[in-house]
Structure formats: structure tokens, C-alpha cells
Amino acid sequence: MDRKLARAYAFLARGEMAGDRREPSSVGTAVFDDEVPLRLDSNFLRVERDARPEAVLEEARRLSRRMIHVEEVELGERLAPFFAERRWLVRRHVVMAQLRKPERNGKAGLVEEVDEETLRPARHRVVTGQPWGTPEVMAQLFAGKQLIARRVKTRFFALKVDDEVASYTDLYQDGSDAQIEDVGTVHEHRRRGFASTVVLAAIDVARRDGAKFVFLVADQDDWPKELYRRLGFDELGYYVKLIAPHT
């Protein structure tokens, strides 16, 4: 595995996807966080060795894990058709690191550091209409951000218009490693360069705080990864997530 990609995965494992306990599995490791059981990135089965799809599914059911995380791409792609046939959602997430100077500049003076609660109304507006955006799930996603802050340094940034948050991002940092996460722009403020501005401002803070390696995770099938390329990010690789259908 590429060294930079492994570095990103290690950061995810001790930050956003750490959970609070682990249990060995015949196919890898199950991650649990009983404080936020509805947050999938805190409660999942990590497949770490080659296994038949049937065995992986059996383990996910035994451990009551609704999400399966596979970092080994070839293995993930071998598992994907089996799970897709059973109506599991197959998601591919690209890991990108800022390895070049950005092609555009942001106006850092427009961005301010805020507390997590300040971003909640905007986050709600961004996910309106998503089937998973229920009040119960959103409450646990917000609680999850407080849990992440126990493990790595966590900061929140906003660009406001008329005193309301128009665009935002989170910054997780641990020494020289940093992750940009949960970038969002309220619908009526899109296509104005706000996301670029807030991301570049957060990166600037991270760099001044000692970050040498800055990465993010983007949906392989969505457009934001093209924006991140213009901000100096290049792809390191991708991993596969398998998410159980709602019953």
C-alpha cells in the first residue's frame, strides 16, 4: 500500500473511525461505540483478510454491524457484487492529499473559527431530504464530533453571510497529520467559491499548527473531488464501504 495512503488510514483509525472498543472477527475487526450506535463510521466491521462474501455477511450479522469497511481495494471490489445483489449500498471513497499548490486562492478573512454547535443549523439544511438525515441520526452525528475531539484536535470553521453560516468544514489534527472533513455549503449559497475559501482557510490554520500531511475523503462518484483537485489535492487510492439496506 502507498505510504501516504497508509498514513491517512492510520489517522482515520485513531480519529474519525476509532470507536471506543473493538472485537476480533474471523474476517478482521469489529468497531463499536456504544455512545453513538447509529453513527456508522463508529460502528462497523473492518475486513482485514481475504474471505468469502458469505463469511463476511455472516460476521456482519453476528456482530450486528450495518456497515462493512474494506481498505484493500481488490478485496472490496470482489465483495461488492455479492452485497449489491442483496441491496446493500456500495460506496467508494477516494482518499486525497494536498500535494500541490492550489490553483485558486480563498479569502481567508471571510472565514472564522466557531464552536461545533454553531454549525448545526447549516448542517441540518445541507442534509435536508437525505433518507438518513433523521433527528435521531443527526443527534448522534453531532455527538460523534465531540467524541472525535477526545482523540484528536478538532476545530470548526464557517463562512457566514448575513450572520448565518453559508459554508463550513471541520479540521481534525494530530501532530503533523490533518484531515479536512464534512465540507458543506447551504444550497442557496453554492457556486460562489465559498467551499474553496473555507477549506483553504482551514488548511492554512493546520499548516501553521505544524501539519505536513493534509488529506480528505471524497465520494468517488460525486463532483466535489474535482473541486479538491483544484485546491491541490491528488488521489492516493480508495476504499469500499458496504452499507446494509434499511429494513
# chains A, B, ... in the order shown; residues from 1 in each chain; ligands from 1
$ residues_around --residues "Pro81 (chain A)" --least-positions-apart "5" --cutoff "10 Å" --atoms "only C-alpha atoms" --output "MDAnalysis selection string"
chainID A and resid 53 76 86:88 90
$ write_last_selection --atoms "C-alpha atoms" --output "compact mmCIF listing (two decimals), in the first residue's frame"
# COMPACT_ATOMS: atom_id res chain seq x y z
CA PRO A 53 -18.58 -12.88 0.77
CA GLY A 76 -13.58 -4.71 -1.66
CA ARG A 86 -28.59 -8.20 -1.66
CA ARG A 87 -29.44 -4.50 -1.88
CA TRP A 88 -26.51 -3.29 0.20
CA VAL A 90 -21.80 0.06 -2.33
$ select_by_dssp --residues "region 11-219 of chain A" --states "strand (DSSP E or B)" --output "PyMOL selection string"
chain A and resi 21-25+28-32+44-47+67-70+89-98+111-114+153-161+164-174+177-185+213-219
$ select_by_dssp --residues "region 41-191 of chain A" --states "alpha helix (DSSP H)" --output "number ranges by chain"
A: 53-62, 73-85, 120-127, 135-151
$ residues_around --residues "Arg92 (chain A)" --least-positions-apart "4" --cutoff "9 Å" --atoms "only C-alpha atoms" --output "list in words"
Ala218, Asp219, Gln220, Asp221, Tyr238, Tyr239, Val240, Lys241 and Leu242 of chain A
$ closest_residue --among "A:Ala6, A:Ala143, A:Ala166, A:Lys153" --to "Pro121 (chain A)" --atoms "only C-alpha atoms"
A:Ala166
$ residues_around --residues "region 23-30 of chain A" --least-positions-apart "4" --cutoff "8 Å" --atoms "only C-alpha atoms" --output "number ranges by chain"
A: 43-51, 55-56, 59, 63, 65
$ residues_around --residues "Leu40 (chain A)" --least-positions-apart "5" --cutoff "10 Å" --atoms "only C-alpha atoms" --output "list in words"
Met17, Gly19, Val31, Phe32, Asp33, Leu45, Arg65, Arg66, Met67, Ile68, Val137, Gln140, Leu141 and Ile243 of chain A
$ write_last_selection --atoms "N, CA and C atoms" --output "tab-separated table (two decimals), in the first residue's frame"
chain	number	residue	atom	x	y	z
A	17	MET	N	-12.78	7.26	12.81
A	17	MET	CA	-13.31	5.90	12.77
A	17	MET	C	-12.76	5.03	13.91
A	19	GLY	N	-14.00	4.52	17.17
A	19	GLY	CA	-14.87	3.81	18.09
A	19	GLY	C	-14.30	3.86	19.49
A	31	VAL	N	-15.71	-2.72	15.11
A	31	VAL	CA	-15.56	-1.49	15.87
A	31	VAL	C	-16.92	-1.10	16.44
A	32	PHE	N	-16.92	-0.67	17.71
A	32	PHE	CA	-18.15	-0.30	18.40
A	32	PHE	C	-17.97	1.05	19.09
A	33	ASP	N	-19.04	1.81	19.15
A	33	ASP	CA	-19.09	2.99	20.01
A	33	ASP	C	-20.51	3.07	20.56
A	45	LEU	N	-17.77	-3.19	10.64
A	45	LEU	CA	-16.88	-4.34	10.54
A	45	LEU	C	-15.79	-4.00	9.55
A	65	ARG	N	-23.37	-5.44	12.75
A	65	ARG	CA	-22.72	-4.30	12.10
A	65	ARG	C	-23.43	-4.03	10.77
A	66	ARG	N	-23.95	-2.82	10.60
A	66	ARG	CA	-24.67	-2.46	9.38
A	66	ARG	C	-23.75	-1.89	8.30
A	67	MET	N	-22.49	-1.65	8.67
A	67	MET	CA	-21.54	-1.16	7.68
A	67	MET	C	-20.29	-2.03	7.67
A	68	ILE	N	-19.78	-2.30	6.48
A	68	ILE	CA	-18.55	-3.07	6.28
A	68	ILE	C	-17.54	-2.15	5.59
A	137	VAL	N	-30.48	10.25	14.05
A	137	VAL	CA	-29.17	10.06	13.46
A	137	VAL	C	-28.36	11.35	13.54
A	140	GLN	N	-26.79	11.92	16.86
A	140	GLN	CA	-25.62	11.09	17.12
A	140	GLN	C	-24.42	11.52	16.26
A	141	LEU	N	-24.68	12.04	15.07
A	141	LEU	CA	-23.57	12.57	14.28
A	141	LEU	C	-22.93	13.77	14.98
A	243	ILE	N	-23.03	-0.82	2.90
A	243	ILE	CA	-23.99	-0.37	3.91
A	243	ILE	C	-25.28	-1.14	3.75
$ decode --residues "region 75-91 of chain A" --atoms "all heavy atoms" --output "PDB file, in the first residue's frame"
ATOM      1  N   LEU A  75     -10.022  -6.664  -2.711  1.00  0.00           N
ATOM      2  CA  LEU A  75     -10.953  -7.425  -1.891  1.00  0.00           C
ATOM      3  C   LEU A  75     -12.315  -6.744  -1.858  1.00  0.00           C
ATOM      4  O   LEU A  75     -13.357  -7.401  -1.987  1.00  0.00           O
ATOM      5  CB  LEU A  75     -10.390  -7.583  -0.476  1.00  0.00           C
ATOM      6  CG  LEU A  75     -11.299  -8.262   0.551  1.00  0.00           C
ATOM      7  CD1 LEU A  75     -11.722  -9.647   0.072  1.00  0.00           C
ATOM      8  CD2 LEU A  75     -10.595  -8.350   1.906  1.00  0.00           C
ATOM      9  N   GLY A  76     -12.319  -5.438  -1.684  1.00  0.00           N
ATOM     10  CA  GLY A  76     -13.579  -4.707  -1.656  1.00  0.00           C
ATOM     11  C   GLY A  76     -14.376  -4.873  -2.935  1.00  0.00           C
ATOM     12  O   GLY A  76     -15.602  -5.060  -2.905  1.00  0.00           O
ATOM     13  N   GLU A  77     -13.673  -4.828  -4.056  1.00  0.00           N
ATOM     14  CA  GLU A  77     -14.368  -4.981  -5.331  1.00  0.00           C
ATOM     15  C   GLU A  77     -14.854  -6.408  -5.550  1.00  0.00           C
ATOM     16  O   GLU A  77     -15.874  -6.628  -6.217  1.00  0.00           O
ATOM     17  CB  GLU A  77     -13.459  -4.538  -6.480  1.00  0.00           C
ATOM     18  CG  GLU A  77     -13.113  -3.053  -6.468  1.00  0.00           C
ATOM     19  CD  GLU A  77     -14.308  -2.146  -6.704  1.00  0.00           C
ATOM     20  OE1 GLU A  77     -15.429  -2.642  -6.915  1.00  0.00           O
ATOM     21  OE2 GLU A  77     -14.117  -0.914  -6.680  1.00  0.00           O
ATOM     22  N   ARG A  78     -14.161  -7.376  -4.976  1.00  0.00           N
ATOM     23  CA  ARG A  78     -14.645  -8.768  -5.070  1.00  0.00           C
ATOM     24  C   ARG A  78     -15.908  -8.965  -4.236  1.00  0.00           C
ATOM     25  O   ARG A  78     -16.792  -9.743  -4.616  1.00  0.00           O
ATOM     26  CB  ARG A  78     -13.555  -9.745  -4.614  1.00  0.00           C
ATOM     27  CG  ARG A  78     -12.415  -9.928  -5.613  1.00  0.00           C
ATOM     28  CD  ARG A  78     -11.657 -11.226  -5.379  1.00  0.00           C
ATOM     29  NE  ARG A  78     -11.057 -11.289  -4.054  1.00  0.00           N
ATOM     30  CZ  ARG A  78      -9.855 -10.814  -3.756  1.00  0.00           C
ATOM     31  NH1 ARG A  78      -9.128 -10.210  -4.688  1.00  0.00           N
ATOM     32  NH2 ARG A  78      -9.357 -10.939  -2.535  1.00  0.00           N
ATOM     33  N   LEU A  79     -15.982  -8.278  -3.117  1.00  0.00           N
ATOM     34  CA  LEU A  79     -17.154  -8.410  -2.249  1.00  0.00           C
ATOM     35  C   LEU A  79     -18.357  -7.628  -2.774  1.00  0.00           C
ATOM     36  O   LEU A  79     -19.508  -8.015  -2.548  1.00  0.00           O
ATOM     37  CB  LEU A  79     -16.806  -7.917  -0.841  1.00  0.00           C
ATOM     38  CG  LEU A  79     -15.746  -8.695  -0.064  1.00  0.00           C
ATOM     39  CD1 LEU A  79     -15.436  -7.988   1.248  1.00  0.00           C
ATOM     40  CD2 LEU A  79     -16.197 -10.125   0.207  1.00  0.00           C
ATOM     41  N   ALA A  80     -18.096  -6.527  -3.470  1.00  0.00           N
ATOM     42  CA  ALA A  80     -19.157  -5.592  -3.833  1.00  0.00           C
ATOM     43  C   ALA A  80     -20.326  -6.220  -4.596  1.00  0.00           C
ATOM     44  O   ALA A  80     -21.486  -5.972  -4.243  1.00  0.00           O
ATOM     45  CB  ALA A  80     -18.562  -4.425  -4.619  1.00  0.00           C
ATOM     46  N   PRO A  81     -20.107  -7.025  -5.650  1.00  0.00           N
ATOM     47  CA  PRO A  81     -21.256  -7.564  -6.389  1.00  0.00           C
ATOM     48  C   PRO A  81     -22.177  -8.419  -5.520  1.00  0.00           C
ATOM     49  O   PRO A  81     -23.402  -8.354  -5.650  1.00  0.00           O
ATOM     50  CB  PRO A  81     -20.602  -8.387  -7.501  1.00  0.00           C
ATOM     51  CG  PRO A  81     -19.243  -7.804  -7.659  1.00  0.00           C
ATOM     52  CD  PRO A  81     -18.821  -7.397  -6.287  1.00  0.00           C
ATOM     53  N   PHE A  82     -21.600  -9.239  -4.655  1.00  0.00           N
ATOM     54  CA  PHE A  82     -22.391 -10.105  -3.773  1.00  0.00           C
ATOM     55  C   PHE A  82     -23.317  -9.260  -2.906  1.00  0.00           C
ATOM     56  O   PHE A  82     -24.517  -9.569  -2.760  1.00  0.00           O
ATOM     57  CB  PHE A  82     -21.449 -10.939  -2.903  1.00  0.00           C
ATOM     58  CG  PHE A  82     -22.129 -11.770  -1.858  1.00  0.00           C
ATOM     59  CD1 PHE A  82     -22.565 -13.057  -2.137  1.00  0.00           C
ATOM     60  CD2 PHE A  82     -22.311 -11.275  -0.567  1.00  0.00           C
ATOM     61  CE1 PHE A  82     -23.188 -13.824  -1.161  1.00  0.00           C
ATOM     62  CE2 PHE A  82     -22.919 -12.040   0.411  1.00  0.00           C
ATOM     63  CZ  PHE A  82     -23.362 -13.317   0.118  1.00  0.00           C
ATOM     64  N   PHE A  83     -22.779  -8.196  -2.330  1.00  0.00           N
ATOM     65  CA  PHE A  83     -23.588  -7.362  -1.437  1.00  0.00           C
ATOM     66  C   PHE A  83     -24.572  -6.501  -2.215  1.00  0.00           C
ATOM     67  O   PHE A  83     -25.703  -6.272  -1.763  1.00  0.00           O
ATOM     68  CB  PHE A  83     -22.679  -6.521  -0.544  1.00  0.00           C
ATOM     69  CG  PHE A  83     -22.077  -7.308   0.582  1.00  0.00           C
ATOM     70  CD1 PHE A  83     -20.882  -7.996   0.415  1.00  0.00           C
ATOM     71  CD2 PHE A  83     -22.717  -7.393   1.807  1.00  0.00           C
ATOM     72  CE1 PHE A  83     -20.340  -8.742   1.450  1.00  0.00           C
ATOM     73  CE2 PHE A  83     -22.185  -8.137   2.857  1.00  0.00           C
ATOM     74  CZ  PHE A  83     -20.995  -8.823   2.673  1.00  0.00           C
ATOM     75  N   ALA A  84     -24.174  -6.032  -3.385  1.00  0.00           N
ATOM     76  CA  ALA A  84     -25.094  -5.237  -4.201  1.00  0.00           C
ATOM     77  C   ALA A  84     -26.317  -6.062  -4.586  1.00  0.00           C
ATOM     78  O   ALA A  84     -27.444  -5.541  -4.616  1.00  0.00           O
ATOM     79  CB  ALA A  84     -24.375  -4.724  -5.446  1.00  0.00           C
ATOM     80  N   GLU A  85     -26.111  -7.343  -4.876  1.00  0.00           N
ATOM     81  CA  GLU A  85     -27.233  -8.225  -5.212  1.00  0.00           C
ATOM     82  C   GLU A  85     -28.216  -8.346  -4.058  1.00  0.00           C
ATOM     83  O   GLU A  85     -29.398  -8.635  -4.271  1.00  0.00           O
ATOM     84  CB  GLU A  85     -26.713  -9.610  -5.588  1.00  0.00           C
ATOM     85  CG  GLU A  85     -26.002  -9.665  -6.936  1.00  0.00           C
ATOM     86  CD  GLU A  85     -25.381 -11.014  -7.192  1.00  0.00           C
ATOM     87  OE1 GLU A  85     -25.522 -11.921  -6.324  1.00  0.00           O
ATOM     88  OE2 GLU A  85     -24.744 -11.187  -8.255  1.00  0.00           O
ATOM     89  N   ARG A  86     -27.741  -8.116  -2.852  1.00  0.00           N
ATOM     90  CA  ARG A  86     -28.587  -8.204  -1.656  1.00  0.00           C
ATOM     91  C   ARG A  86     -29.024  -6.825  -1.177  1.00  0.00           C
ATOM     92  O   ARG A  86     -29.411  -6.649  -0.033  1.00  0.00           O
ATOM     93  CB  ARG A  86     -27.831  -8.977  -0.558  1.00  0.00           C
ATOM     94  CG  ARG A  86     -27.771 -10.466  -0.892  1.00  0.00           C
ATOM     95  CD  ARG A  86     -26.584 -11.174  -0.302  1.00  0.00           C
ATOM     96  NE  ARG A  86     -26.592 -12.590  -0.704  1.00  0.00           N
ATOM     97  CZ  ARG A  86     -26.184 -13.022  -1.889  1.00  0.00           C
ATOM     98  NH1 ARG A  86     -25.722 -12.170  -2.789  1.00  0.00           N
ATOM     99  NH2 ARG A  86     -26.245 -14.311  -2.183  1.00  0.00           N
ATOM    100  N   ARG A  87     -28.949  -5.863  -2.085  1.00  0.00           N
ATOM    101  CA  ARG A  87     -29.438  -4.500  -1.884  1.00  0.00           C
ATOM    102  C   ARG A  87     -28.624  -3.702  -0.869  1.00  0.00           C
ATOM    103  O   ARG A  87     -29.090  -2.702  -0.347  1.00  0.00           O
ATOM    104  CB  ARG A  87     -30.925  -4.479  -1.502  1.00  0.00           C
ATOM    105  CG  ARG A  87     -31.835  -5.065  -2.575  1.00  0.00           C
ATOM    106  CD  ARG A  87     -33.300  -4.827  -2.302  1.00  0.00           C
ATOM    107  NE  ARG A  87     -33.720  -5.361  -1.014  1.00  0.00           N
ATOM    108  CZ  ARG A  87     -34.056  -4.613   0.035  1.00  0.00           C
ATOM    109  NH1 ARG A  87     -34.018  -3.302  -0.029  1.00  0.00           N
ATOM    110  NH2 ARG A  87     -34.444  -5.184   1.164  1.00  0.00           N
ATOM    111  N   TRP A  88     -27.401  -4.127  -0.595  1.00  0.00           N
ATOM    112  CA  TRP A  88     -26.513  -3.294   0.196  1.00  0.00           C
ATOM    113  C   TRP A  88     -26.014  -2.154  -0.693  1.00  0.00           C
ATOM    114  O   TRP A  88     -25.782  -2.333  -1.887  1.00  0.00           O
ATOM    115  CB  TRP A  88     -25.319  -4.101   0.712  1.00  0.00           C
ATOM    116  CG  TRP A  88     -25.638  -5.005   1.872  1.00  0.00           C
ATOM    117  CD1 TRP A  88     -26.584  -5.988   1.902  1.00  0.00           C
ATOM    118  CD2 TRP A  88     -24.985  -5.027   3.142  1.00  0.00           C
ATOM    119  NE1 TRP A  88     -26.575  -6.628   3.113  1.00  0.00           N
ATOM    120  CE2 TRP A  88     -25.588  -6.059   3.898  1.00  0.00           C
ATOM    121  CE3 TRP A  88     -23.944  -4.296   3.708  1.00  0.00           C
ATOM    122  CZ2 TRP A  88     -25.194  -6.354   5.195  1.00  0.00           C
ATOM    123  CZ3 TRP A  88     -23.540  -4.585   5.003  1.00  0.00           C
ATOM    124  CH2 TRP A  88     -24.162  -5.603   5.744  1.00  0.00           C
ATOM    125  N   LEU A  89     -25.852  -0.991  -0.101  1.00  0.00           N
ATOM    126  CA  LEU A  89     -25.314   0.152  -0.827  1.00  0.00           C
ATOM    127  C   LEU A  89     -23.796   0.016  -0.911  1.00  0.00           C
ATOM    128  O   LEU A  89     -23.126  -0.204   0.100  1.00  0.00           O
ATOM    129  CB  LEU A  89     -25.675   1.448  -0.089  1.00  0.00           C
ATOM    130  CG  LEU A  89     -25.173   2.761  -0.703  1.00  0.00           C
ATOM    131  CD1 LEU A  89     -25.788   2.977  -2.079  1.00  0.00           C
ATOM    132  CD2 LEU A  89     -25.490   3.928   0.218  1.00  0.00           C
ATOM    133  N   VAL A  90     -23.250   0.133  -2.115  1.00  0.00           N
ATOM    134  CA  VAL A  90     -21.800   0.062  -2.327  1.00  0.00           C
ATOM    135  C   VAL A  90     -21.290   1.483  -2.541  1.00  0.00           C
ATOM    136  O   VAL A  90     -21.690   2.157  -3.492  1.00  0.00           O
ATOM    137  CB  VAL A  90     -21.451  -0.810  -3.536  1.00  0.00           C
ATOM    138  CG1 VAL A  90     -19.939  -0.829  -3.763  1.00  0.00           C
ATOM    139  CG2 VAL A  90     -21.975  -2.231  -3.343  1.00  0.00           C
ATOM    140  N   ARG A  91     -20.421   1.940  -1.657  1.00  0.00           N
ATOM    141  CA  ARG A  91     -19.857   3.285  -1.760  1.00  0.00           C
ATOM    142  C   ARG A  91     -18.341   3.185  -1.876  1.00  0.00           C
ATOM    143  O   ARG A  91     -17.707   2.409  -1.159  1.00  0.00           O
ATOM    144  CB  ARG A  91     -20.225   4.121  -0.513  1.00  0.00           C
ATOM    145  CG  ARG A  91     -21.713   4.278  -0.282  1.00  0.00           C
ATOM    146  CD  ARG A  91     -22.337   5.258  -1.235  1.00  0.00           C
ATOM    147  NE  ARG A  91     -21.806   6.587  -1.076  1.00  0.00           N
ATOM    148  CZ  ARG A  91     -22.279   7.485  -0.192  1.00  0.00           C
ATOM    149  NH1 ARG A  91     -23.273   7.146   0.629  1.00  0.00           N
ATOM    150  NH2 ARG A  91     -21.759   8.699  -0.115  1.00  0.00           N
TER     151      ARG A  91
END
